[in-house]
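structure.cif (mmCIF, C-alpha atoms)
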```cif
data_model
loop_
_atom_site.label_atom_id
_atom_site.label_comp_id
_atom_site.auth_asym_id
_atom_site.auth_seq_id
_atom_site.Cartn_x
_atom_site.Cartn_y
_atom_site.Cartn_z
CA MET A 25 14.10 -6.57 -4.66
CA LEU A 26 13.32 -3.23 -6.29
CA LYS A 27 13.98 -1.12 -3.21
CA ASP A 28 16.25 1.32 -5.04
CA ILE A 29 13.58 2.40 -7.50
CA GLU A 30 10.42 2.30 -5.40
CA ASN A 31 10.62 5.91 -4.29
CA LEU A 32 11.25 7.35 -7.74
CA PRO A 33 8.50 9.51 -9.22
CA MET A 34 5.90 8.61 -11.79
CA GLY A 35 7.36 8.53 -15.28
CA SER A 36 10.77 7.20 -14.21
CA ARG A 37 11.99 4.66 -16.77
CA PHE A 38 14.38 1.72 -16.67
CA PRO A 39 15.57 -0.80 -19.24
CA ARG A 40 13.04 -3.63 -19.23
CA ASP A 41 15.55 -6.45 -19.31
CA GLU A 42 17.37 -5.04 -16.30
CA ILE A 43 14.15 -5.10 -14.25
CA LEU A 44 13.01 -8.50 -15.51
CA ASP A 45 16.40 -9.95 -14.53
CA ARG A 46 15.70 -8.81 -10.98
CA LEU A 47 12.30 -10.48 -10.62
CA LYS A 48 12.14 -12.75 -7.60
CA LEU A 49 11.30 -16.20 -8.91
CA ASN A 50 10.54 -19.02 -6.49
CA ALA A 51 12.66 -22.16 -6.02
CA GLU A 52 11.08 -23.65 -9.17
CA GLY A 53 11.91 -20.53 -11.20
CA LEU A 54 8.29 -19.40 -11.25
CA ILE A 55 6.43 -16.19 -10.48
CA PRO A 56 2.68 -15.87 -9.88
CA ALA A 57 0.73 -13.98 -12.53
CA ILE A 58 -2.75 -12.61 -11.88
CA ALA A 59 -4.91 -12.19 -14.97
CA GLN A 60 -7.47 -9.37 -14.90
CA GLN A 61 -9.90 -8.52 -17.68
CA HIS A 62 -8.66 -5.11 -18.80
CA ASP A 63 -11.98 -3.35 -19.34
CA THR A 64 -14.17 -4.76 -16.57
CA GLY A 65 -11.62 -5.32 -13.79
CA GLU A 66 -12.80 -8.92 -13.32
CA VAL A 67 -10.05 -11.06 -11.78
CA LEU A 68 -10.04 -14.08 -14.05
CA MET A 69 -7.44 -16.48 -12.67
CA MET A 70 -3.97 -16.83 -11.26
CA ALA A 71 -1.27 -19.00 -12.81
CA TRP A 72 2.52 -19.15 -12.94
CA MET A 73 5.17 -18.02 -15.41
CA ASN A 74 8.79 -18.90 -15.81
CA ALA A 75 11.23 -16.58 -17.58
CA GLU A 76 10.53 -18.23 -20.94
CA ALA A 77 6.75 -17.88 -20.59
CA LEU A 78 7.12 -14.24 -19.63
CA ASN A 79 9.41 -13.55 -22.55
CA GLU A 80 7.06 -15.27 -25.00
CA THR A 81 4.07 -13.36 -23.62
CA LEU A 82 5.85 -10.03 -24.06
CA THR A 83 7.09 -10.97 -27.53
CA THR A 84 3.86 -12.35 -28.97
CA GLY A 85 1.22 -10.46 -26.98
CA ARG A 86 -0.56 -13.75 -26.35
CA VAL A 87 -0.41 -14.90 -22.75
CA CYS A 88 1.71 -17.98 -22.10
CA TYR A 89 2.03 -19.52 -18.63
CA PHE A 90 4.06 -22.40 -17.26
CA SER A 91 1.83 -25.32 -16.32
CA ARG A 92 3.08 -26.85 -13.09
CA SER A 93 0.97 -29.98 -13.58
CA ARG A 94 2.12 -30.53 -17.15
CA GLY A 95 5.67 -29.31 -16.55
CA ARG A 96 5.76 -27.25 -19.75
CA LEU A 97 4.79 -23.95 -21.33
CA TRP A 98 1.06 -23.53 -21.52
CA ARG A 99 -0.24 -21.16 -24.16
CA LYS A 100 -3.53 -20.21 -22.57
CA GLY A 101 -6.34 -21.44 -24.81
CA GLU A 102 -4.20 -23.95 -26.70
CA SER A 103 -6.80 -26.67 -26.01
CA SER A 104 -9.95 -24.61 -25.58
CA GLY A 105 -9.38 -21.66 -27.90
CA GLN A 106 -10.05 -19.34 -24.95
CA ILE A 107 -6.91 -17.25 -25.36
CA GLN A 108 -5.75 -14.13 -23.54
CA ARG A 109 -4.36 -11.11 -25.38
CA LEU A 110 -2.02 -9.01 -23.28
CA LYS A 111 -3.08 -5.39 -22.80
CA GLY A 112 -0.62 -4.46 -20.07
CA LEU A 113 1.89 -6.16 -17.78
CA TYR A 114 2.64 -4.81 -14.31
CA ILE A 115 5.26 -5.80 -11.74
CA ASP A 116 4.67 -5.34 -8.02
CA CYS A 117 6.83 -3.46 -5.51
CA ASP A 118 8.51 -6.67 -4.38
CA GLY A 119 9.23 -7.86 -7.91
CA ASP A 120 7.64 -11.18 -6.99
CA THR A 121 4.16 -10.96 -8.52
CA LEU A 122 2.85 -9.98 -11.96
CA LEU A 123 -0.48 -8.45 -12.89
CA LEU A 124 -1.58 -9.08 -16.46
CA ARG A 125 -4.29 -6.88 -17.89
CA VAL A 126 -5.74 -9.06 -20.63
CA ASP A 127 -8.52 -9.39 -23.14
CA GLN A 128 -9.96 -12.83 -22.50
CA THR A 129 -11.68 -14.72 -25.30
CA GLY A 130 -14.68 -16.54 -23.78
CA PRO A 131 -14.48 -18.05 -20.32
CA ALA A 132 -11.14 -18.11 -18.51
CA CYS A 133 -11.92 -21.15 -16.36
CA HIS A 134 -11.59 -24.76 -17.49
CA THR A 135 -15.07 -25.35 -16.02
CA GLY A 136 -16.48 -23.01 -18.69
CA ARG A 137 -17.09 -20.26 -16.15
CA SER A 138 -16.10 -16.67 -16.79
CA ASN A 139 -13.45 -16.76 -14.07
CA CYS A 140 -11.95 -19.29 -11.68
CA PHE A 141 -13.11 -17.70 -8.42
CA PHE A 142 -16.64 -19.07 -8.33
CA LEU A 143 -16.63 -20.53 -4.81
CA ARG A 144 -17.59 -17.96 -2.22
CA VAL A 145 -17.41 -18.28 1.54
CA ASP A 146 -20.86 -17.48 2.89
CA GLY A 147 -20.99 -17.73 6.67
CA HIS A 148 -20.34 -21.35 7.56
CA ASP A 149 -20.94 -22.48 3.99
CA VAL A 150 -19.18 -22.24 0.66
CA VAL A 151 -21.48 -21.55 -2.26
CA VAL A 152 -21.10 -21.91 -6.03
CA THR A 153 -21.68 -18.40 -7.40
CA SER A 154 -21.92 -18.92 -11.16
CA ASN A 155 -22.76 -21.37 -13.90
CA PRO A 156 -20.61 -22.23 -16.93
CA LEU A 157 -21.02 -19.96 -19.96
CA ILE A 158 -20.00 -22.90 -22.15
CA ASP A 159 -20.19 -26.61 -21.45
CA PRO A 160 -16.61 -27.78 -20.78
CA GLU A 161 -17.28 -30.66 -23.19
CA THR A 162 -17.65 -28.07 -25.95
CA LEU A 163 -14.29 -26.58 -24.99
CA TYR A 164 -12.35 -29.82 -24.66
CA GLY A 165 -14.35 -32.45 -26.55
CA SER A 166 -16.83 -34.96 -25.21
CA ASP A 167 -14.27 -37.72 -24.79
CA GLU A 168 -12.12 -35.40 -22.71
CA PRO A 169 -14.26 -34.05 -19.91
CA SER A 170 -11.24 -32.30 -18.42
CA PRO A 171 -8.37 -30.57 -20.23
CA PRO A 172 -5.96 -33.08 -21.77
CA ALA A 173 -2.70 -34.06 -20.11
CA GLN A 174 -3.49 -32.80 -16.65
CA PRO A 175 -2.54 -35.69 -14.44
CA SER A 176 -2.96 -33.61 -11.32
CA GLY A 177 -4.76 -30.38 -10.60
CA ASN A 178 -7.27 -28.73 -12.82
CA GLU A 179 -5.77 -25.55 -14.11
CA PRO A 180 -7.78 -23.20 -16.24
CA ALA A 181 -8.13 -23.66 -19.96
CA MET B 17 -8.63 -30.56 -5.65
CA LEU B 18 -12.27 -29.61 -5.96
CA LYS B 19 -12.98 -31.66 -9.08
CA ASP B 20 -16.08 -33.31 -7.59
CA ILE B 21 -17.90 -30.04 -7.05
CA GLU B 22 -16.80 -27.95 -10.00
CA ASN B 23 -19.66 -28.98 -12.26
CA LEU B 24 -22.40 -28.40 -9.71
CA PRO B 25 -24.85 -25.59 -10.44
CA MET B 26 -24.90 -22.10 -9.02
CA GLY B 27 -26.32 -22.05 -5.51
CA SER B 28 -24.87 -25.42 -4.49
CA ARG B 29 -23.64 -25.24 -0.90
CA PHE B 30 -21.06 -27.12 1.14
CA PRO B 31 -19.84 -26.89 4.73
CA ARG B 32 -17.12 -24.25 4.80
CA ASP B 33 -14.71 -26.17 6.98
CA GLU B 34 -14.87 -29.18 4.68
CA ILE B 35 -13.82 -27.04 1.70
CA LEU B 36 -11.16 -25.11 3.60
CA ASP B 37 -9.62 -28.40 4.72
CA ARG B 38 -9.19 -29.28 1.05
CA LEU B 39 -7.32 -26.12 0.04
CA LYS B 40 -4.03 -26.88 -1.64
CA LEU B 41 -1.37 -25.19 0.45
CA ASN B 42 2.22 -25.10 -0.76
CA ALA B 43 5.15 -26.84 0.93
CA GLU B 44 5.33 -24.01 3.48
CA GLY B 45 1.63 -24.35 4.29
CA LEU B 46 0.75 -21.15 2.43
CA ILE B 47 -1.76 -20.13 -0.21
CA PRO B 48 -1.60 -16.98 -2.35
CA ALA B 49 -4.30 -14.39 -1.68
CA ILE B 50 -5.10 -11.63 -4.16
CA ALA B 51 -6.63 -8.50 -2.63
CA GLN B 52 -9.02 -6.53 -4.83
CA GLN B 53 -10.81 -3.32 -3.84
CA HIS B 54 -14.44 -4.43 -3.75
CA ASP B 55 -16.08 -1.39 -5.33
CA THR B 56 -13.55 -0.30 -7.95
CA GLY B 57 -12.05 -3.64 -9.00
CA GLU B 58 -8.51 -2.33 -8.46
CA VAL B 59 -6.09 -5.18 -7.80
CA LEU B 60 -4.25 -3.95 -4.73
CA MET B 61 -1.64 -6.59 -3.90
CA MET B 62 -0.94 -10.26 -3.51
CA ALA B 63 0.28 -11.85 -0.31
CA TRP B 64 0.15 -15.24 1.40
CA MET B 65 -2.00 -16.84 4.06
CA ASN B 66 -1.57 -19.88 6.22
CA ALA B 67 -4.53 -21.71 7.75
CA GLU B 68 -4.34 -19.56 10.88
CA ALA B 69 -4.32 -16.28 8.94
CA LEU B 70 -7.28 -17.43 6.87
CA ASN B 71 -9.21 -18.46 9.94
CA GLU B 72 -8.48 -15.17 11.68
CA THR B 73 -9.54 -13.21 8.60
CA LEU B 74 -12.85 -15.05 8.39
CA THR B 75 -13.46 -14.71 12.12
CA THR B 76 -12.60 -11.04 12.54
CA GLY B 77 -13.38 -9.64 9.09
CA ARG B 78 -10.03 -7.86 9.15
CA VAL B 79 -7.53 -9.26 6.68
CA CYS B 80 -4.56 -11.08 8.18
CA TYR B 81 -1.78 -12.54 6.05
CA PHE B 82 1.29 -14.59 6.86
CA SER B 83 4.47 -12.58 6.30
CA ARG B 84 7.09 -14.80 4.76
CA SER B 85 9.87 -12.30 5.50
CA ARG B 86 8.86 -11.89 9.15
CA GLY B 87 7.79 -15.50 9.61
CA ARG B 88 4.63 -14.59 11.49
CA LEU B 89 1.04 -13.48 11.13
CA TRP B 90 0.76 -10.05 9.59
CA ARG B 91 -2.39 -8.11 10.33
CA LYS B 92 -2.44 -5.86 7.33
CA GLY B 93 -2.07 -2.27 8.52
CA GLU B 94 -0.67 -3.19 11.95
CA SER B 95 2.23 -0.74 11.38
CA SER B 96 0.70 1.72 8.95
CA GLY B 97 -2.96 1.75 9.95
CA GLN B 98 -3.85 0.94 6.34
CA ILE B 99 -6.09 -2.02 7.13
CA GLN B 100 -8.26 -4.16 4.88
CA ARG B 101 -11.84 -5.07 5.77
CA LEU B 102 -13.04 -8.27 4.17
CA LYS B 103 -16.09 -7.92 1.93
CA GLY B 104 -15.97 -11.35 0.30
CA LEU B 105 -13.64 -14.35 0.08
CA TYR B 106 -13.49 -16.53 -3.01
CA ILE B 107 -11.69 -19.80 -3.70
CA ASP B 108 -10.58 -20.77 -7.19
CA CYS B 109 -11.40 -23.94 -9.13
CA ASP B 110 -8.09 -25.54 -8.15
CA GLY B 111 -8.46 -24.68 -4.48
CA ASP B 112 -4.99 -23.19 -4.58
CA THR B 113 -5.62 -19.43 -4.79
CA LEU B 114 -7.83 -17.03 -2.85
CA LEU B 115 -9.43 -13.80 -4.02
CA LEU B 116 -10.24 -11.33 -1.27
CA ARG B 117 -12.68 -8.56 -2.03
CA VAL B 118 -11.72 -5.92 0.49
CA ASP B 119 -12.28 -2.36 1.57
CA GLN B 120 -8.79 -0.88 1.81
CA THR B 121 -8.12 2.01 4.17
CA GLY B 122 -5.69 4.37 2.41
CA PRO B 123 -2.92 3.02 0.21
CA ALA B 124 -2.31 -0.73 0.08
CA CYS B 125 1.38 -0.49 -0.84
CA HIS B 126 4.20 0.07 1.64
CA THR B 127 5.51 2.77 -0.74
CA GLY B 128 2.37 4.79 -0.03
CA ARG B 129 0.91 4.05 -3.45
CA SER B 130 -2.67 2.96 -3.91
CA ASN B 131 -1.62 -0.51 -5.06
CA CYS B 132 1.57 -2.51 -5.43
CA PHE B 133 1.50 -2.91 -9.23
CA PHE B 134 2.98 0.44 -10.19
CA LEU B 135 5.74 -0.77 -12.53
CA ARG B 136 4.48 -1.21 -16.08
CA VAL B 137 6.29 -2.80 -18.97
CA ASP B 138 6.29 -0.27 -21.81
CA GLY B 139 8.05 -1.60 -24.89
CA HIS B 140 11.68 -2.10 -23.95
CA ASP B 141 11.30 -0.03 -20.79
CA VAL B 142 9.65 -0.37 -17.43
CA VAL B 143 7.96 2.80 -16.21
CA VAL B 144 6.74 3.94 -12.79
CA THR B 145 3.01 4.59 -13.26
CA SER B 146 1.98 6.33 -10.05
CA ASN B 147 3.16 8.46 -7.16
CA PRO B 148 2.60 7.79 -3.46
CA LEU B 149 -0.67 9.07 -2.01
CA ILE B 150 1.06 9.36 1.36
CA ASP B 151 4.74 9.70 2.16
CA PRO B 152 5.89 6.33 3.53
CA GLU B 153 7.57 8.22 6.36
CA THR B 154 4.12 9.32 7.48
CA LEU B 155 2.97 5.72 7.47
CA TYR B 156 5.96 4.21 9.25
CA GLY B 157 7.68 7.11 11.03
CA SER B 158 10.66 9.16 9.92
CA ASP B 159 13.21 6.99 11.70
CA GLU B 160 11.84 3.95 9.94
CA PRO B 161 11.88 4.65 6.23
CA SER B 162 10.71 1.11 5.51
CA PRO B 163 8.21 -1.01 7.45
CA PRO B 164 9.70 -2.32 10.69
CA ALA B 165 11.03 -5.85 11.05
CA GLN B 166 11.35 -6.61 7.38
CA PRO B 167 14.84 -8.02 7.09
CA SER B 168 14.28 -9.10 3.52
CA GLY B 169 11.72 -8.18 0.94
CA ASN B 170 9.43 -5.21 1.07
CA GLU B 171 5.93 -6.44 1.50
CA PRO B 172 3.03 -4.06 1.51
CA ALA B 173 2.01 -2.21 4.62
#
```

Do you think you could lay out the structure here as C-alpha cells?
Amino acid sequence: MLKDIENLPMGSRFPRDEILDRLKLNAEGLIPAIAQQHDTGEVLMMAWMNAEALNETLTTGRVCYFSRSRGRLWRKGESSGQIQRLKGLYIDCDGDTLLLRVDQTGPACHTGRSNCFFLRVDGHDVVVTSNPLIDPETLYGSDEPSPPAQPSGNEPA
Amino acid sequence: MLKDIENLPMGSRFPRDEILDRLKLNAEGLIPAIAQQHDTGEVLMMAWMNAEALNETLTTGRVCYFSRSRGRLWRKGESSGQIQRLKGLYIDCDGDTLLLRVDQTGPACHTGRSNCFFLRVDGHDVVVTSNPLIDPETLYGSDEPSPPAQPSGNEPA
C-alpha cells in the first residue's frame, strides 16, 4: 500500500492526510491498533480503530478505538477511568497496522491486570501470569462485574 | 471467550489444547499475532496465524505465520533468512490476539528496517523514522527487489 515511499530515507515527510487516506482498512473499515506503554515497552492490548476513531485520537491526544462488540466509538477508559494518552502513532510498512505509544492510566485490561496478555503457553499448559492490580468491581462497579454494554466479547476497559 | 478463567489467580493452569481450541479466529480462520523482541521490548511487526501456523510455531520454536497475500504458511525468514525464534507466546483476555516474544535475526521488516513501524505521525505530516539496516536487495536478491511471490501487499520478510 505504501510501496512508493518505503525505500525513501529517514526524515522524508509526507502530508498526513494523504497517508491516512491510503491506510488499508478491512472489510468493516477497521485497522488493528497495538497499544504499547511508551516508557517501559510493555505491550498493553490490541484493539481496532475506524477512520473516525483514528481522527479523534490524533485530534484529542486521548486514545479512542472502535468497539466491535458495542458497534460504536470506544473512548478507552470511558467506563473505568483507565485512559490512554497518545505519545506517538506509527504506521507499518503495509499501511494495515498501527502502533500506538501511549501513557496508560492504571491497568489496561478489563480484568484489572496491567495488560491483556496474561495467559502464557507453558509446555502443554497455559498459565495465568499475573494478578489484577485493581479489582474489576472497583473499575466498573459491584453491580457490573464486567464492563457495561458488552453483549459479546470482553474487550479491555 | 475466556471469561470463566479471567478472574483466576496467577499460577492457575489449564491444558494448552483446551485453551487453543477456544481462540477466537476471524472469518478466514486467522488470529493477529504481534511480534515483540524479547529483550528490548521493540514491537517488530504484526502478522496473522491460522491454527496450523500456531501449531507449527509451538512445535518447532520457529515462528510461522499465514501469509494472506500468498495464501499459504509463511515461515518467517524463509526468503530473507531473517527468522524469529519463539521465546514466549501469550494469549490476550479475549482470546483473539497473540503476543509473541521472539528473538529476531536481523531486521524484521521486508524493507530491511529493524521493525515495520517506521512511519510516524508528526503533526500534519508523516515522517520516515529509520533507514534500512540491510539493503533489501541483499535480503531478496537484486533481480527481486521485493519479496518473491507477493502479488499484493508487502508483508515483512

Quiz item: Applied to the shown file, which residues does the PyMOL selection byres ((chain A) within 7 of (chain B)) return, written as a ChimeraX atom specification?
Solution: /A:25,30-31,33-40,65-66,113-118,123,135,140-145,148-155,177-179

Take every atom of range 85-103 of chain A listed in the file, pad by 4 Å on each side, and give me the axis-aligned box centre and edge lengths in Å, one decimal, as JSON.
```
{"center_x": -0.5, "center_y": -20.5, "center_z": -20.0, "size_x": 20.6, "size_y": 28.1, "size_z": 21.9}
```

Superimpose chain A on chain B so that the squared distances between all in-order C-alpha pairs are minimised, and send the result as a compact mmCIF listing (two decimals) with C-alpha atoms, in the frame of the given file.
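Resulting contents of selection_20.txt:
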```
# COMPACT_ATOMS: atom_id res chain seq x y z
CA MET A 25 -8.59 -30.55 -5.68
CA LEU A 26 -12.26 -29.60 -5.95
CA LYS A 27 -12.97 -31.65 -9.05
CA ASP A 28 -16.06 -33.31 -7.57
CA ILE A 29 -17.90 -30.04 -7.04
CA GLU A 30 -16.79 -27.96 -10.02
CA ASN A 31 -19.65 -29.01 -12.26
CA LEU A 32 -22.39 -28.41 -9.72
CA PRO A 33 -24.82 -25.58 -10.45
CA MET A 34 -24.90 -22.10 -9.02
CA GLY A 35 -26.32 -22.06 -5.51
CA SER A 36 -24.85 -25.43 -4.50
CA ARG A 37 -23.63 -25.24 -0.90
CA PHE A 38 -21.04 -27.11 1.13
CA PRO A 39 -19.84 -26.90 4.72
CA ARG A 40 -17.12 -24.25 4.80
CA ASP A 41 -14.71 -26.17 6.98
CA GLU A 42 -14.87 -29.18 4.67
CA ILE A 43 -13.82 -27.03 1.70
CA LEU A 44 -11.16 -25.09 3.61
CA ASP A 45 -9.62 -28.40 4.73
CA ARG A 46 -9.19 -29.28 1.07
CA LEU A 47 -7.34 -26.11 0.05
CA LYS A 48 -4.04 -26.87 -1.63
CA LEU A 49 -1.37 -25.18 0.46
CA ASN A 50 2.22 -25.09 -0.75
CA ALA A 51 5.17 -26.84 0.95
CA GLU A 52 5.34 -23.99 3.50
CA GLY A 53 1.62 -24.33 4.29
CA LEU A 54 0.76 -21.14 2.43
CA ILE A 55 -1.76 -20.12 -0.21
CA PRO A 56 -1.61 -16.97 -2.35
CA ALA A 57 -4.30 -14.38 -1.68
CA ILE A 58 -5.10 -11.62 -4.16
CA ALA A 59 -6.62 -8.50 -2.64
CA GLN A 60 -9.03 -6.53 -4.84
CA GLN A 61 -10.80 -3.32 -3.85
CA HIS A 62 -14.44 -4.43 -3.75
CA ASP A 63 -16.08 -1.40 -5.34
CA THR A 64 -13.56 -0.31 -7.96
CA GLY A 65 -12.06 -3.65 -9.01
CA GLU A 66 -8.52 -2.33 -8.47
CA VAL A 67 -6.09 -5.18 -7.80
CA LEU A 68 -4.25 -3.95 -4.74
CA MET A 69 -1.64 -6.57 -3.89
CA MET A 70 -0.94 -10.25 -3.52
CA ALA A 71 0.27 -11.85 -0.30
CA TRP A 72 0.16 -15.24 1.40
CA MET A 73 -2.01 -16.83 4.07
CA ASN A 74 -1.57 -19.88 6.21
CA ALA A 75 -4.53 -21.69 7.75
CA GLU A 76 -4.35 -19.55 10.90
CA ALA A 77 -4.32 -16.27 8.94
CA LEU A 78 -7.28 -17.42 6.88
CA ASN A 79 -9.21 -18.46 9.95
CA GLU A 80 -8.51 -15.15 11.70
CA THR A 81 -9.53 -13.19 8.60
CA LEU A 82 -12.85 -15.04 8.38
CA THR A 83 -13.46 -14.70 12.12
CA THR A 84 -12.61 -11.03 12.55
CA GLY A 85 -13.39 -9.62 9.09
CA ARG A 86 -10.04 -7.85 9.14
CA VAL A 87 -7.54 -9.25 6.67
CA CYS A 88 -4.57 -11.07 8.19
CA TYR A 89 -1.78 -12.53 6.05
CA PHE A 90 1.29 -14.57 6.86
CA SER A 91 4.46 -12.56 6.32
CA ARG A 92 7.10 -14.77 4.75
CA SER A 93 9.87 -12.28 5.53
CA ARG A 94 8.86 -11.87 9.16
CA GLY A 95 7.80 -15.50 9.62
CA ARG A 96 4.62 -14.58 11.50
CA LEU A 97 1.02 -13.47 11.13
CA TRP A 98 0.76 -10.04 9.61
CA ARG A 99 -2.40 -8.11 10.35
CA LYS A 100 -2.45 -5.84 7.33
CA GLY A 101 -2.08 -2.25 8.53
CA GLU A 102 -0.67 -3.17 11.94
CA SER A 103 2.23 -0.74 11.38
CA SER A 104 0.69 1.73 8.94
CA GLY A 105 -2.97 1.76 9.94
CA GLN A 106 -3.86 0.94 6.33
CA ILE A 107 -6.10 -2.02 7.12
CA GLN A 108 -8.28 -4.16 4.86
CA ARG A 109 -11.85 -5.07 5.77
CA LEU A 110 -13.04 -8.28 4.16
CA LYS A 111 -16.10 -7.93 1.92
CA GLY A 112 -15.97 -11.35 0.29
CA LEU A 113 -13.63 -14.33 0.08
CA TYR A 114 -13.49 -16.53 -3.02
CA ILE A 115 -11.69 -19.81 -3.70
CA ASP A 116 -10.57 -20.77 -7.19
CA CYS A 117 -11.39 -23.95 -9.13
CA ASP A 118 -8.09 -25.54 -8.13
CA GLY A 119 -8.47 -24.68 -4.46
CA ASP A 120 -4.98 -23.19 -4.56
CA THR A 121 -5.62 -19.44 -4.79
CA LEU A 122 -7.83 -17.02 -2.86
CA LEU A 123 -9.43 -13.80 -4.03
CA LEU A 124 -10.24 -11.33 -1.28
CA ARG A 125 -12.68 -8.56 -2.05
CA VAL A 126 -11.73 -5.91 0.48
CA ASP A 127 -12.29 -2.35 1.56
CA GLN A 128 -8.82 -0.87 1.79
CA THR A 129 -8.13 2.01 4.15
CA GLY A 130 -5.70 4.38 2.39
CA PRO A 131 -2.93 3.03 0.20
CA ALA A 132 -2.32 -0.72 0.08
CA CYS A 133 1.37 -0.48 -0.83
CA HIS A 134 4.19 0.09 1.65
CA THR A 135 5.51 2.76 -0.75
CA GLY A 136 2.37 4.81 -0.02
CA ARG A 137 0.92 4.05 -3.44
CA SER A 138 -2.67 2.96 -3.91
CA ASN A 139 -1.63 -0.50 -5.06
CA CYS A 140 1.57 -2.50 -5.44
CA PHE A 141 1.50 -2.91 -9.23
CA PHE A 142 2.97 0.45 -10.19
CA LEU A 143 5.73 -0.76 -12.53
CA ARG A 144 4.48 -1.20 -16.06
CA VAL A 145 6.28 -2.79 -18.98
CA ASP A 146 6.28 -0.26 -21.80
CA GLY A 147 8.05 -1.59 -24.88
CA HIS A 148 11.68 -2.10 -23.94
CA ASP A 149 11.30 -0.02 -20.79
CA VAL A 150 9.64 -0.36 -17.42
CA VAL A 151 7.95 2.80 -16.20
CA VAL A 152 6.73 3.96 -12.79
CA THR A 153 3.00 4.61 -13.26
CA SER A 154 1.97 6.35 -10.04
CA ASN A 155 3.14 8.48 -7.16
CA PRO A 156 2.59 7.80 -3.45
CA LEU A 157 -0.69 9.09 -2.00
CA ILE A 158 1.05 9.36 1.38
CA ASP A 159 4.73 9.70 2.17
CA PRO A 160 5.88 6.31 3.52
CA GLU A 161 7.57 8.21 6.36
CA THR A 162 4.11 9.31 7.49
CA LEU A 163 2.96 5.69 7.47
CA TYR A 164 5.95 4.18 9.25
CA GLY A 165 7.69 7.06 11.03
CA SER A 166 10.65 9.10 9.90
CA ASP A 167 13.21 6.93 11.66
CA GLU A 168 11.82 3.88 9.90
CA PRO A 169 11.83 4.58 6.20
CA SER A 170 10.68 1.03 5.50
CA PRO A 171 8.21 -1.09 7.48
CA PRO A 172 9.75 -2.39 10.71
CA ALA A 173 11.14 -5.90 11.04
CA GLN A 174 11.44 -6.67 7.37
CA PRO A 175 14.92 -8.06 7.05
CA SER A 176 14.31 -9.14 3.49
CA GLY A 177 11.74 -8.16 0.90
CA ASN A 178 9.47 -5.20 1.08
CA GLU A 179 5.97 -6.45 1.51
CA PRO A 180 3.07 -4.07 1.54
CA ALA A 181 2.00 -2.24 4.66
```

Quiz item: Expressed in Å to a single decimal, how great is the separation between CA of Ala43 in chain B and CA of Ser95 in chain B?
Solution: 28.3 Å

Quiz item: Separation of CA of Asn66 in chain B and CA of Leu89 in chain B, in Å?
Solution: 8.5 Å

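In this model, the gap between CA of Gln61 in chain A and CA of Arg109 in chain A comes to 9.8 Å.
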
Quiz prompt | Expansion of the PyMOL selection byres ((chain A and resi 85) around 9) into residues, as a ChimeraX atom specification | solution = /A:80-84,86-88,108-111

Quiz prompt | Close residues, Phe82 in chain B itself excluded, 9 Å, all atoms listed in the file, min 4 positions apart in chain, as a list of chain:residue names | solution = B:Leu46, B:Ala63, B:Trp64, B:Met65, B:Asn66, B:Glu68, B:Ala69, B:Arg86, B:Gly87, B:Arg88, B:Leu89, B:Trp90, B:Arg91

Practice problem: Taking the file as shown, find all residues satisfying the PyMOL selection byres ((chain A and resi 128) around 8) and write them as a PyMOL selection string. | Solution: chain A and resi 61+106-109+126-127+129-132

Based on the selection just made, write C-alpha atoms of those residues as a compact mmCIF listing (two decimals), keeping the file's coordinate frame.
```txt
# COMPACT_ATOMS: atom_id res chain seq x y z
CA GLN A 61 -9.90 -8.52 -17.68
CA GLN A 106 -10.05 -19.34 -24.95
CA ILE A 107 -6.91 -17.25 -25.36
CA GLN A 108 -5.75 -14.13 -23.54
CA ARG A 109 -4.36 -11.11 -25.38
CA VAL A 126 -5.74 -9.06 -20.63
CA ASP A 127 -8.52 -9.39 -23.14
CA THR A 129 -11.68 -14.72 -25.30
CA GLY A 130 -14.68 -16.54 -23.78
CA PRO A 131 -14.48 -18.05 -20.32
CA ALA A 132 -11.14 -18.11 -18.51
```

Self-check item: Residue nearest His54 in chain B among B:Ser130, B:Arg117, B:Gly157, B:Ile150 (counting all atoms listed in the file)
Solution: B:Arg117
